[in-house]
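File shown: data05.pdb. Contents: PDB, C-alpha atoms.
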```pdb
ATOM      1  CA  MET A  11      -2.907 -38.565  92.507
ATOM      2  CA  PRO A  12      -6.703 -38.472  92.471
ATOM      3  CA  ASP A  13      -8.359 -35.213  91.556
ATOM      4  CA  ALA A  14     -10.046 -33.988  94.757
ATOM      5  CA  CYS A  15     -12.545 -32.003  92.676
ATOM      6  CA  LEU A  16     -13.944 -35.077  90.956
ATOM      7  CA  PRO A  17     -16.270 -37.617  92.566
ATOM      8  CA  LEU A  18     -14.682 -41.004  93.166
ATOM      9  CA  LEU A  19     -16.094 -44.168  91.609
ATOM     10  CA  SER A  20     -15.057 -47.417  93.328
ATOM     11  CA  ILE A  21     -15.247 -50.648  91.329
ATOM     12  CA  VAL A  22     -15.461 -53.750  93.555
ATOM     13  CA  VAL A  23     -14.339 -56.918  91.769
ATOM     14  CA  PRO A  24     -14.577 -60.284  93.606
ATOM     15  CA  CYS A  25     -12.076 -62.865  92.327
ATOM     16  CA  TYR A  26     -11.723 -66.587  92.932
ATOM     17  CA  ASN A  27      -9.210 -68.520  90.829
ATOM     18  CA  GLU A  28      -9.255 -65.893  88.086
ATOM     19  CA  GLU A  29      -5.554 -65.607  87.185
ATOM     20  CA  ASP A  30      -6.316 -65.650  83.447
ATOM     21  CA  ALA A  31      -9.294 -63.276  83.523
ATOM     22  CA  ILE A  32      -7.801 -60.461  85.633
ATOM     23  CA  PRO A  33      -5.353 -59.022  83.042
ATOM     24  CA  VAL A  34      -8.011 -59.127  80.296
ATOM     25  CA  PHE A  35     -10.560 -57.477  82.571
ATOM     26  CA  LEU A  36      -8.099 -54.813  83.735
ATOM     27  CA  ASP A  37      -7.140 -53.820  80.196
ATOM     28  CA  LYS A  38     -10.746 -53.474  79.103
ATOM     29  CA  ILE A  39     -12.134 -51.668  82.129
ATOM     30  CA  THR A  40      -9.194 -49.239  82.247
ATOM     31  CA  ILE A  41     -10.083 -48.071  78.728
ATOM     32  CA  VAL A  42     -13.732 -47.550  79.707
ATOM     33  CA  LEU A  43     -12.956 -45.732  82.950
ATOM     34  CA  SER A  44     -10.293 -43.541  81.353
ATOM     35  CA  ASN A  45     -12.953 -42.173  79.026
ATOM     36  CA  MET A  46     -15.196 -41.242  81.965
ATOM     37  CA  GLU A  47     -13.642 -37.805  82.444
ATOM     38  CA  SER A  48     -16.213 -36.630  84.989
ATOM     39  CA  VAL A  49     -15.062 -39.085  87.692
ATOM     40  CA  ASP A  50     -11.890 -40.385  89.247
ATOM     41  CA  TYR A  51     -11.876 -44.124  89.899
ATOM     42  CA  GLU A  52     -10.350 -46.891  91.958
ATOM     43  CA  LEU A  53     -10.319 -50.617  91.226
ATOM     44  CA  LEU A  54     -10.674 -52.807  94.289
ATOM     45  CA  PHE A  55     -10.035 -56.512  93.676
ATOM     46  CA  ILE A  56     -11.060 -59.001  96.380
ATOM     47  CA  ASP A  57      -9.125 -62.275  96.247
ATOM     48  CA  ASP A  58     -11.459 -64.786  97.850
ATOM     49  CA  GLY A  59      -8.759 -67.224  98.995
ATOM     50  CA  SER A  60      -7.862 -68.358  95.480
ATOM     51  CA  GLY A  61      -5.873 -71.552  95.015
ATOM     52  CA  ASP A  62      -4.208 -70.485  91.761
ATOM     53  CA  ALA A  63      -1.930 -67.529  90.967
ATOM     54  CA  THR A  64      -4.650 -64.886  91.374
ATOM     55  CA  LEU A  65      -2.878 -63.178  94.277
ATOM     56  CA  SER A  66       0.477 -63.204  92.459
ATOM     57  CA  VAL A  67      -1.153 -61.605  89.426
ATOM     58  CA  LEU A  68      -2.721 -58.895  91.609
ATOM     59  CA  ARG A  69       0.605 -58.201  93.339
ATOM     60  CA  LYS A  70       2.281 -57.718  89.990
ATOM     61  CA  LEU A  71      -0.423 -55.596  88.370
ATOM     62  CA  VAL A  72      -0.860 -53.231  91.322
ATOM     63  CA  GLU A  73       2.711 -52.018  90.818
ATOM     64  CA  SER A  74       1.865 -50.550  87.429
ATOM     65  CA  HIS A  75      -1.674 -49.324  88.137
ATOM     66  CA  SER A  76      -1.914 -46.457  90.610
ATOM     67  CA  ASN A  77      -5.721 -46.662  90.715
ATOM     68  CA  MET A  78      -5.713 -50.313  91.725
ATOM     69  CA  ARG A  79      -5.615 -52.029  95.118
ATOM     70  CA  TYR A  80      -6.568 -55.423  96.454
ATOM     71  CA  ILE A  81      -7.636 -57.403  99.508
ATOM     72  CA  SER A  82      -6.815 -61.089  99.910
ATOM     73  CA  PHE A  83      -8.670 -63.431 102.292
ATOM     74  CA  SER A  84      -7.048 -66.060 104.495
ATOM     75  CA  ARG A  85      -9.244 -68.699 102.792
ATOM     76  CA  ASN A  86     -12.264 -68.967 100.540
ATOM     77  CA  PHE A  87     -15.223 -67.295 102.272
ATOM     78  CA  GLY A  88     -17.511 -67.032  99.242
ATOM     79  CA  LYS A  89     -18.599 -64.291  96.859
ATOM     80  CA  GLU A  90     -21.008 -62.732  99.356
ATOM     81  CA  ALA A  91     -18.147 -62.166 101.815
ATOM     82  CA  ALA A  92     -15.968 -60.783  99.013
ATOM     83  CA  MET A  93     -18.631 -58.286  97.965
ATOM     84  CA  LEU A  94     -19.121 -57.190 101.567
ATOM     85  CA  ALA A  95     -15.375 -56.690 102.063
ATOM     86  CA  GLY A  96     -15.227 -54.633  98.893
ATOM     87  CA  LEU A  97     -18.151 -52.441  99.904
ATOM     88  CA  GLU A  98     -16.630 -51.877 103.340
ATOM     89  CA  ALA A  99     -13.264 -50.922 101.835
ATOM     90  CA  ALA A 100     -14.613 -48.795  98.982
ATOM     91  CA  ALA A 101     -13.960 -45.092  99.455
ATOM     92  CA  GLY A 102     -15.999 -43.863  96.506
ATOM     93  CA  ASP A 103     -18.922 -41.483  96.339
ATOM     94  CA  PHE A 104     -20.316 -44.088  93.960
ATOM     95  CA  VAL A 105     -19.633 -47.826  94.124
ATOM     96  CA  ALA A 106     -20.087 -50.487  91.468
ATOM     97  CA  VAL A 107     -19.895 -54.258  91.934
ATOM     98  CA  MET A 108     -19.051 -56.467  88.961
ATOM     99  CA  ASP A 109     -17.552 -59.846  88.052
ATOM    100  CA  VAL A 110     -14.045 -60.151  86.666
ATOM    101  CA  ASP A 111     -14.982 -62.588  83.873
ATOM    102  CA  LEU A 112     -16.429 -59.796  81.657
ATOM    103  CA  GLN A 113     -19.894 -61.329  81.696
ATOM    104  CA  ASP A 114     -20.744 -57.960  83.238
ATOM    105  CA  PRO A 115     -19.893 -55.583  80.343
ATOM    106  CA  PRO A 116     -17.801 -52.585  81.527
ATOM    107  CA  GLU A 117     -19.252 -50.555  78.632
ATOM    108  CA  LEU A 118     -22.412 -50.084  80.722
ATOM    109  CA  LEU A 119     -20.598 -48.119  83.444
ATOM    110  CA  PRO A 120     -20.883 -44.671  81.749
ATOM    111  CA  LYS A 121     -24.580 -45.264  81.111
ATOM    112  CA  MET A 122     -25.110 -46.318  84.736
ATOM    113  CA  TYR A 123     -23.289 -43.272  86.088
ATOM    114  CA  GLU A 124     -25.219 -40.931  83.794
ATOM    115  CA  ALA A 125     -28.546 -42.411  84.940
ATOM    116  CA  ILE A 126     -27.658 -41.753  88.578
ATOM    117  CA  ILE A 127     -26.475 -38.197  87.960
ATOM    118  CA  LYS A 128     -29.043 -37.021  85.416
ATOM    119  CA  GLU A 129     -32.104 -39.135  86.187
ATOM    120  CA  GLY A 130     -31.896 -39.071  89.980
ATOM    121  CA  PHE A 131     -31.675 -42.805  90.632
ATOM    122  CA  ASP A 132     -29.951 -44.141  93.746
ATOM    123  CA  CYS A 133     -28.979 -47.444  92.153
ATOM    124  CA  ILE A 134     -28.588 -48.697  88.599
ATOM    125  CA  ALA A 135     -28.856 -52.483  88.484
ATOM    126  CA  THR A 136     -28.603 -54.946  85.623
ATOM    127  CA  ARG A 137     -30.471 -58.025  84.505
ATOM    128  CA  ARG A 138     -30.003 -60.510  81.673
ATOM    129  CA  ASP A 139     -32.635 -60.620  78.932
ATOM    130  CA  THR A 140     -32.009 -64.286  78.220
ATOM    131  CA  ARG A 141     -29.983 -67.197  79.559
ATOM    132  CA  LYS A 142     -28.548 -68.038  76.158
ATOM    133  CA  GLY A 143     -25.535 -70.323  76.454
ATOM    134  CA  GLU A 144     -26.584 -71.653  79.858
ATOM    135  CA  PRO A 145     -27.445 -75.357  80.362
ATOM    136  CA  PRO A 146     -31.247 -75.820  80.003
ATOM    137  CA  ILE A 147     -31.575 -77.586  83.367
ATOM    138  CA  ARG A 148     -29.857 -74.671  85.107
ATOM    139  CA  SER A 149     -32.101 -72.138  83.363
ATOM    140  CA  PHE A 150     -35.182 -74.140  84.337
ATOM    141  CA  PHE A 151     -34.311 -74.263  88.034
ATOM    142  CA  ALA A 152     -33.364 -70.570  87.993
ATOM    143  CA  LYS A 153     -36.832 -69.707  86.709
ATOM    144  CA  VAL A 154     -38.390 -71.957  89.350
ATOM    145  CA  PHE A 155     -36.366 -70.227  92.064
ATOM    146  CA  TYR A 156     -37.391 -66.702  91.015
ATOM    147  CA  TYR A 157     -41.032 -67.750  90.704
ATOM    148  CA  LEU A 158     -40.990 -69.432  94.118
ATOM    149  CA  ILE A 159     -39.203 -66.731  96.094
ATOM    150  CA  ASN A 160     -41.385 -63.988  94.611
ATOM    151  CA  LYS A 161     -44.482 -65.949  95.622
ATOM    152  CA  ILE A 162     -43.464 -66.565  99.228
ATOM    153  CA  SER A 163     -41.411 -63.463 100.043
ATOM    154  CA  LYS A 164     -42.431 -59.840 100.497
ATOM    155  CA  THR A 165     -39.066 -58.853  99.008
ATOM    156  CA  LYS A 166     -39.478 -59.101  95.249
ATOM    157  CA  ILE A 167     -36.399 -60.043  93.228
ATOM    158  CA  VAL A 168     -36.222 -59.218  89.535
ATOM    159  CA  GLU A 169     -35.751 -62.365  87.437
ATOM    160  CA  GLY A 170     -32.312 -62.485  85.863
ATOM    161  CA  ALA A 171     -30.980 -59.792  88.216
ATOM    162  CA  ARG A 172     -27.203 -59.634  88.451
ATOM    163  CA  ASP A 173     -24.946 -58.437  91.245
ATOM    164  CA  TYR A 174     -23.580 -55.957  88.699
ATOM    165  CA  ARG A 175     -24.831 -52.542  89.773
ATOM    166  CA  MET A 176     -23.748 -48.994  90.592
ATOM    167  CA  MET A 177     -24.874 -47.369  93.829
ATOM    168  CA  THR A 178     -24.637 -44.038  95.609
ATOM    169  CA  ARG A 179     -22.807 -43.830  98.925
ATOM    170  CA  GLN A 180     -26.168 -43.686 100.751
ATOM    171  CA  VAL A 181     -27.207 -47.036  99.273
ATOM    172  CA  VAL A 182     -23.842 -48.616 100.143
ATOM    173  CA  ASP A 183     -24.096 -47.405 103.734
ATOM    174  CA  ALA A 184     -27.582 -48.890 103.987
ATOM    175  CA  ILE A 185     -26.279 -52.263 102.775
ATOM    176  CA  LEU A 186     -23.401 -52.151 105.256
ATOM    177  CA  SER A 187     -25.832 -51.481 108.111
ATOM    178  CA  LEU A 188     -27.150 -55.050 107.668
ATOM    179  CA  LYS A 189     -24.700 -57.222 109.599
ATOM    180  CA  GLU A 190     -26.210 -60.663 109.029
ATOM    181  CA  TYR A 191     -23.770 -63.556 108.630
ATOM    182  CA  HIS A 192     -25.656 -65.459 105.922
ATOM    183  CA  ARG A 193     -25.958 -62.843 103.207
ATOM    184  CA  PHE A 194     -28.085 -63.017 100.073
ATOM    185  CA  SER A 195     -27.211 -59.795  98.289
ATOM    186  CA  LYS A 196     -29.899 -60.026  95.620
ATOM    187  CA  GLY A 197     -32.443 -59.910  98.423
ATOM    188  CA  ILE A 198     -30.565 -57.271 100.424
ATOM    189  CA  PHE A 199     -30.364 -54.945  97.411
ATOM    190  CA  GLU A 200     -34.142 -55.095  97.040
ATOM    191  CA  TRP A 201     -34.978 -55.057 100.765
ATOM    192  CA  ILE A 202     -33.267 -51.732 101.486
ATOM    193  CA  GLY A 203     -35.409 -49.971  98.893
ATOM    194  CA  PHE A 204     -34.190 -46.752  97.199
ATOM    195  CA  LYS A 205     -34.946 -45.630  93.672
ATOM    196  CA  THR A 206     -33.563 -48.314  91.350
ATOM    197  CA  LYS A 207     -33.439 -48.616  87.578
ATOM    198  CA  TYR A 208     -32.732 -51.896  85.774
ATOM    199  CA  ILE A 209     -30.725 -52.097  82.561
ATOM    200  CA  SER A 210     -31.143 -55.252  80.484
ATOM    201  CA  TYR A 211     -28.440 -56.865  78.382
ATOM    202  CA  GLU A 212     -27.750 -60.138  76.638
ATOM    203  CA  ASN A 213     -25.723 -62.905  78.225
ATOM    204  CA  PHE A 214     -21.995 -62.637  77.487
ATOM    205  CA  PRO A 215     -19.539 -65.563  77.518
ATOM    206  CA  ARG A 216     -16.669 -65.593  80.001
ATOM    207  CA  ALA A 217     -13.493 -63.876  78.817
ATOM    208  CA  ALA A 218     -11.315 -66.588  80.392
ATOM    209  CA  GLY A 219     -11.443 -69.441  82.876
ATOM    210  CA  ALA A 220     -14.456 -71.473  83.965
ATOM    211  CA  THR A 221     -17.419 -70.703  86.196
ATOM    212  CA  LYS A 222     -17.045 -71.579  89.889
ATOM    213  CA  TRP A 223     -20.794 -71.997  90.353
ATOM    214  CA  ASN A 224     -21.958 -75.582  89.950
ATOM    215  CA  PHE A 225     -25.541 -76.753  90.395
ATOM    216  CA  TRP A 226     -25.072 -77.731  94.056
ATOM    217  CA  LYS A 227     -23.581 -74.350  95.021
ATOM    218  CA  LEU A 228     -26.399 -72.547  93.266
ATOM    219  CA  PHE A 229     -28.946 -74.763  95.010
ATOM    220  CA  LEU A 230     -27.485 -73.982  98.452
ATOM    221  CA  TYR A 231     -27.364 -70.285  97.555
ATOM    222  CA  ALA A 232     -31.039 -70.426  96.601
ATOM    223  CA  ILE A 233     -31.860 -72.080  99.946
ATOM    224  CA  ASP A 234     -30.041 -69.250 101.741
ATOM    225  CA  GLY A 235     -32.120 -66.743  99.803
ATOM    226  CA  ILE A 236     -35.425 -68.419 100.614
ATOM    227  CA  ILE A 237     -34.619 -68.856 104.303
ATOM    228  CA  GLY A 238     -33.190 -65.357 104.579
ATOM    229  CA  PHE A 239     -36.191 -63.578 103.076
ATOM    230  CA  SER A 240     -39.209 -65.745 103.822
ATOM    231  CA  ASP A 241     -40.680 -67.706 106.729
ATOM    232  CA  ALA A 242     -43.120 -69.436 104.374
ATOM    233  CA  PRO A 243     -41.331 -72.830 104.611
ATOM    234  CA  LEU A 244     -42.103 -72.878 108.340
ATOM    235  CA  ALA A 245     -45.755 -72.189 107.595
ATOM    236  CA  VAL A 246     -45.745 -74.993 105.001
ATOM    237  CA  ALA A 247     -44.305 -77.372 107.591
ATOM    238  CA  SER A 248     -47.075 -76.441 110.030
ATOM    239  CA  VAL A 249     -49.792 -76.878 107.396
ATOM    240  CA  MET A 250     -48.417 -80.271 106.383
ATOM    241  CA  GLY A 251     -48.427 -81.333 110.029
ATOM    242  CA  MET A 252     -52.060 -80.348 110.479
ATOM    243  CA  LEU A 253     -53.013 -81.975 107.180
ATOM    244  CA  PHE A 254     -51.535 -85.315 108.197
ATOM    245  CA  CYS A 255     -53.209 -85.139 111.601
ATOM    246  CA  PHE A 256     -56.506 -84.744 109.766
ATOM    247  CA  LEU A 257     -55.700 -87.596 107.340
ATOM    248  CA  SER A 258     -54.689 -89.809 110.268
ATOM    249  CA  PHE A 259     -58.026 -89.105 111.939
ATOM    250  CA  LEU A 260     -59.881 -90.067 108.742
ATOM    251  CA  TRP A 261     -57.779 -93.219 108.443
ATOM    252  CA  LEU A 262     -58.625 -94.154 112.031
ATOM    253  CA  ILE A 263     -62.357 -93.793 111.306
ATOM    254  CA  PHE A 264     -61.950 -95.925 108.181
ATOM    255  CA  ILE A 265     -60.190 -98.691 110.164
ATOM    256  CA  ILE A 266     -62.889 -98.718 112.855
ATOM    257  CA  VAL A 267     -65.737 -98.854 110.317
ATOM    258  CA  ARG A 268     -63.999-101.605 108.358
ATOM    259  CA  TRP A 269     -63.448-103.653 111.531
ATOM    260  CA  MET A 270     -67.100-103.311 112.480
ATOM    261  CA  LEU A 271     -68.299-104.369 109.018
ATOM    262  CA  LEU A 272     -65.744-106.997 107.974
ATOM    263  CA  GLY A 273     -64.129-108.116 111.177
ATOM    264  CA  ASP A 274     -60.428-108.281 112.077
ATOM    265  CA  HIS A 275     -58.042-109.574 109.408
ATOM    266  CA  VAL A 276     -54.584-108.849 108.034
ATOM    267  CA  ALA A 277     -55.698-107.218 104.775
ATOM    268  CA  GLY A 278     -54.452-103.641 104.383
ATOM    269  CA  TRP A 279     -51.053-104.236 105.971
ATOM    270  CA  THR A 280     -49.173-102.947 102.877
ATOM    271  CA  SER A 281     -51.184 -99.750 102.587
ATOM    272  CA  THR A 282     -50.754 -99.099 106.309
ATOM    273  CA  ILE A 283     -46.971 -99.415 106.033
ATOM    274  CA  CYS A 284     -46.954 -97.084 103.018
ATOM    275  CA  VAL A 285     -48.891 -94.451 104.950
ATOM    276  CA  ILE A 286     -46.550 -94.767 107.944
ATOM    277  CA  VAL A 287     -43.436 -94.457 105.799
ATOM    278  CA  PHE A 288     -44.825 -91.517 103.843
ATOM    279  CA  SER A 289     -46.011 -89.613 106.905
ATOM    280  CA  SER A 290     -42.660 -90.261 108.603
ATOM    281  CA  GLY A 291     -40.911 -88.810 105.551
ATOM    282  CA  VAL A 292     -43.084 -85.702 105.725
ATOM    283  CA  GLN A 293     -42.230 -85.304 109.407
ATOM    284  CA  LEU A 294     -38.520 -85.536 108.630
ATOM    285  CA  VAL A 295     -38.869 -82.925 105.871
ATOM    286  CA  CYS A 296     -40.657 -80.565 108.264
ATOM    287  CA  THR A 297     -38.042 -81.168 110.925
ATOM    288  CA  GLY A 298     -35.338 -80.464 108.347
ATOM    289  CA  ILE A 299     -36.965 -77.150 107.405
ATOM    290  CA  MET A 300     -37.067 -76.050 111.034
ATOM    291  CA  GLY A 301     -33.510 -77.301 111.447
ATOM    292  CA  GLN A 302     -32.327 -75.010 108.648
ATOM    293  CA  TYR A 303     -33.766 -71.963 110.379
ATOM    294  CA  LEU A 304     -32.315 -73.024 113.726
ATOM    295  CA  ALA A 305     -28.911 -73.652 112.146
ATOM    296  CA  LYS A 306     -28.873 -70.185 110.596
ATOM    297  CA  ASN A 307     -29.785 -68.618 113.948
ATOM    298  CA  TYR A 308     -27.106 -70.701 115.676
ATOM    299  CA  LEU A 309     -24.395 -69.459 113.322
ATOM    300  CA  GLU A 310     -25.634 -65.867 113.615
ATOM    301  CA  SER A 311     -25.393 -66.091 117.411
ATOM    302  CA  LYS A 312     -21.691 -67.010 117.224
ATOM    303  CA  HIS A 313     -20.860 -63.555 115.828
ATOM    304  CA  ARG A 314     -17.984 -64.919 113.777
ATOM    305  CA  PRO A 315     -16.384 -62.519 111.276
ATOM    306  CA  ILE A 316     -17.800 -62.887 107.781
ATOM    307  CA  TYR A 317     -14.273 -62.859 106.357
ATOM    308  CA  ILE A 318     -10.646 -62.648 107.495
ATOM    309  CA  ILE A 319      -8.099 -60.544 105.612
ATOM    310  CA  LYS A 320      -4.632 -62.006 105.108
ATOM    311  CA  GLU A 321      -3.129 -59.289 102.924
ATOM    312  CA  LYS A 322      -4.166 -55.980 101.434
ATOM    313  CA  ILE A 323      -2.702 -53.104  99.457
ATOM    314  CA  HIS A 324      -4.123 -49.661 100.127
ATOM    315  CA  ARG A 325      -4.602 -46.926  97.553
ATOM    316  CA  LYS A 326      -1.213 -45.728  96.339
ATOM    317  CA  GLN A 327      -0.460 -42.052  96.785
ATOM    318  CA  GLN A 328       1.612 -40.207  94.187
TER     319      GLN A 328
END
```

Write-out of the structure in structure tokens:
Amino acid sequence: MPDACLPLLSIVVPCYNEEDAIPVFLDKITIVLSNMESVDYELLFIDDGSGDATLSVLRKLVESHSNMRYISFSRNFGKEAAMLAGLEAAAGDFVAVMDVDLQDPPELLPKMYEAIIKEGFDCIATRRDTRKGEPPIRSFFAKVFYYLINKISKTKIVEGARDYRMMTRQVVDAILSLKEYHRFSKGIFEWIGFKTKYISYENFPRAAGATKWNFWKLFLYAIDGIIGFSDAPLAVASVMGMLFCFLSFLWLIFIIVRWMLLGDHVAGWTSTICVIVFSSGVQLVCTGIMGQYLAKNYLESKHRPIYIIKEKIHRKQQ
């Protein structure tokens, strides 16, 4: 039974097709947390509609771990939904979010807790020093994304920032007060403010399994982040529209002057078609940008639940 005199630390662990990683993670983090004598802890695993034996593994392990519980979704809703569900279910005075693949080293947890207690921080976040071991093309586009979003958004996101962080209950409550459907937690963590300290560490390989984030998923996630925390793309679309109106006006003057000087002939047909095709492409891009914002607003207006729980095991009492 939890010691009522000790503060409770909740560890939220999103899982998607992680049947091999869960036992390894559980063994390692249990050792770390057992040595943190100043806190009691709970492990909250969120099964994000896995298609493998993740749920079966959780069902089995929860029987032998009194500090463990889990929530299982009716289908795959995505990591953002899993993190939200974990934060909403976490009962701790302090809450940490981390991946199950051990790329987020559990050994940092005591250091993070100590920084909150002794240094007065509200949140201890983490970032990777390097992207060693990551495909070069992925690292390149990641750098481009951080550069771009920090240029066009008032919410500044630390390059290499991870979801791995420990927060006070006040910070968690602030995050939960934001009910948006399309969530970009890296932006939300920064937008709410509070006194935050970043701890850097080197990139660690996965303990088991393979990453579920391919280039396309990361690209769509980046688009969500840009749309969610900046209206600059709309301004760009407007500027491009005005620019092409101006260029069209100059082109019209050029055509009139040429007709007056050289007369009417077919020359220039190819360049005219190129301009029409290019300007039409720009218009479609601008329409697509506006469409993305409208689509996000449309889905927000439906007020659909961000996730649906199929099964859950509450904290076991002894």

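Across the structure, CA of Val67 (chain A) and CA of Glu29 (chain A) are spaced 6.4 Å apart.
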
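Distances here use all atoms listed in the file; by that measure, the residue among A:Leu71, A:Ile209, A:Ile41, A:Val105 closest to Val182 (chain A) is A:Val105.
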
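Considering the residues A:Glu200, A:Asp57, A:Asp103, A:Asp183 and counting only C-alpha atoms, Lys322 (chain A) has its shortest atom-to-atom contact with A:Asp57.
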
>> Need the shell around Pro33 (chain A): protein/DNA/RNA residues with any atom at most 12 Å away, counting all atoms listed in the file. Skip same-chain ones fewer than 2 positions apart. Format as a ChimeraX atom specification?
In response: /A:28-31,35-40,55,64,66-72,74-75,110-112,217-218

>> Taking the file as I've supplied it (selection: the PyMOL selection byres ((chain A and resi 79-84) around 9)), which residues are included? Please answer as a VMD selection string.
In response: chain A and resid 52 to 60 65 68 to 69 72 75 to 78 85 to 87 92 95 to 96 99 317 to 326
